[in-house]
Amino acid sequence: MVQPVAINETTMLRRKAAVVGADVADDAILLDIDSGYFFQLNRTGAKIWAFVEEPQTLGALTDRMAASYKVDVDTCRSDVTEFVADLIERGVLEAE
């Protein structure tokens, strides 16, 4: 596992190169080729995964998710930050 990292609105997020994904209905299945671990993402997690196909900041990702789900930006920021931090800790996303 990767050490926890502090993230904020300007943190650049990108998919780890060794992680491949497949859409399954509204979910996504990810495989970390390096570790052999599989991850299943629900509909919301799959949307986040799709949005980080191209590297972007946490702030931009939050804005896209809030607009997509028509929710309060502050609430969305908290939820997205928590989810993204978990993906970083698991080594699925990289942050810089």
# chains A, B, ... in the order shown; residues from 1 in each chain; ligands from 1
>>> residues_around(residues="Gly59 (chain A)", least_positions_apart="5", cutoff="8 Å", atoms="only C-alpha atoms", output="list of chain:residue names")
A:Asn8, A:Glu9, A:Thr10, A:Thr11, A:Arg77
>>> write_last_selection(atoms="N, CA, C and O atoms", output="PDB file, in the first residue's frame")
ATOM      1  N   ASN A   8      -5.417  18.249  -1.943  1.00  0.00           N
ATOM      2  CA  ASN A   8      -6.242  19.450  -1.894  1.00  0.00           C
ATOM      3  C   ASN A   8      -6.752  19.742  -3.296  1.00  0.00           C
ATOM      4  O   ASN A   8      -6.528  18.959  -4.217  1.00  0.00           O
ATOM      5  N   GLU A   9      -7.415  20.865  -3.450  1.00  0.00           N
ATOM      6  CA  GLU A   9      -8.050  21.229  -4.725  1.00  0.00           C
ATOM      7  C   GLU A   9      -7.083  21.230  -5.911  1.00  0.00           C
ATOM      8  O   GLU A   9      -7.482  20.983  -7.041  1.00  0.00           O
ATOM      9  N   THR A  10      -5.814  21.538  -5.665  1.00  0.00           N
ATOM     10  CA  THR A  10      -4.851  21.652  -6.767  1.00  0.00           C
ATOM     11  C   THR A  10      -4.054  20.367  -7.005  1.00  0.00           C
ATOM     12  O   THR A  10      -3.215  20.329  -7.903  1.00  0.00           O
ATOM     13  N   THR A  11      -4.322  19.332  -6.217  1.00  0.00           N
ATOM     14  CA  THR A  11      -3.620  18.060  -6.397  1.00  0.00           C
ATOM     15  C   THR A  11      -3.997  17.466  -7.754  1.00  0.00           C
ATOM     16  O   THR A  11      -5.168  17.326  -8.073  1.00  0.00           O
ATOM     17  N   ARG A  77     -17.345  17.692  -2.640  1.00  0.00           N
ATOM     18  CA  ARG A  77     -15.896  17.783  -2.414  1.00  0.00           C
ATOM     19  C   ARG A  77     -15.472  16.841  -1.294  1.00  0.00           C
ATOM     20  O   ARG A  77     -14.480  16.115  -1.421  1.00  0.00           O
TER      21      ARG A  77
END
>>> residues_around(residues="Cys76 (chain A)", least_positions_apart="4", cutoff="7 Å", atoms="only C-alpha atoms", output="PyMOL selection string")
chain A and resi 62+66+71-72+80
>>> write_last_selection(atoms="N, CA, C and O atoms", output="PDB file, in the first residue's frame")
ATOM      1  N   THR A  62     -14.021  17.386  -8.714  1.00  0.00           N
ATOM      2  CA  THR A  62     -15.149  17.700  -7.836  1.00  0.00           C
ATOM      3  C   THR A  62     -16.210  18.502  -8.582  1.00  0.00           C
ATOM      4  O   THR A  62     -17.404  18.223  -8.481  1.00  0.00           O
ATOM      5  N   ALA A  66     -20.004  17.243  -9.153  1.00  0.00           N
ATOM      6  CA  ALA A  66     -21.122  18.035  -8.613  1.00  0.00           C
ATOM      7  C   ALA A  66     -22.098  18.397  -9.725  1.00  0.00           C
ATOM      8  O   ALA A  66     -23.319  18.314  -9.549  1.00  0.00           O
ATOM      9  N   VAL A  71     -25.422  18.119  -7.237  1.00  0.00           N
ATOM     10  CA  VAL A  71     -25.359  18.156  -5.781  1.00  0.00           C
ATOM     11  C   VAL A  71     -24.535  19.354  -5.320  1.00  0.00           C
ATOM     12  O   VAL A  71     -23.805  19.961  -6.113  1.00  0.00           O
ATOM     13  N   ASP A  72     -24.643  19.664  -4.044  1.00  0.00           N
ATOM     14  CA  ASP A  72     -23.884  20.742  -3.421  1.00  0.00           C
ATOM     15  C   ASP A  72     -22.376  20.481  -3.567  1.00  0.00           C
ATOM     16  O   ASP A  72     -21.902  19.382  -3.270  1.00  0.00           O
ATOM     17  N   VAL A  80     -15.896  13.136  -2.628  1.00  0.00           N
ATOM     18  CA  VAL A  80     -14.917  12.811  -3.670  1.00  0.00           C
ATOM     19  C   VAL A  80     -13.514  12.741  -3.076  1.00  0.00           C
ATOM     20  O   VAL A  80     -12.743  11.841  -3.404  1.00  0.00           O
TER      21      VAL A  80
END
>>> residues_around(residues="region 39-48 of chain A", least_positions_apart="3", cutoff="12 Å", atoms="only C-alpha atoms", output="PyMOL selection string")
chain A and resi 13-15+19-33+35-36+51-56+58+60-66+68-69+76+79-84+86-87+90-93
>>> select_by_dssp(residues="chain A", states="alpha helix (DSSP H)", output="VMD selection string")
chain A and resid 43 to 51 58 to 69 73 to 89
>>> select_by_dssp(residues="chain A", states="strand (DSSP E or B)", output="PyMOL selection string")
chain A and resi 12-15+19-24+27-32+38-41+56-57+93-95
>>> atom_distance(atom1="CA of Asp34 (chain A)", atom2="CA of Ser78 (chain A)")
29.6 Å
>>> atom_distance(atom1="CA of Ile7 (chain A)", atom2="CA of Glu96 (chain A)")
8.5 Å
>>> atom_distance(atom1="CA of Glu94 (chain A)", atom2="CA of Ala67 (chain A)")
23.7 Å
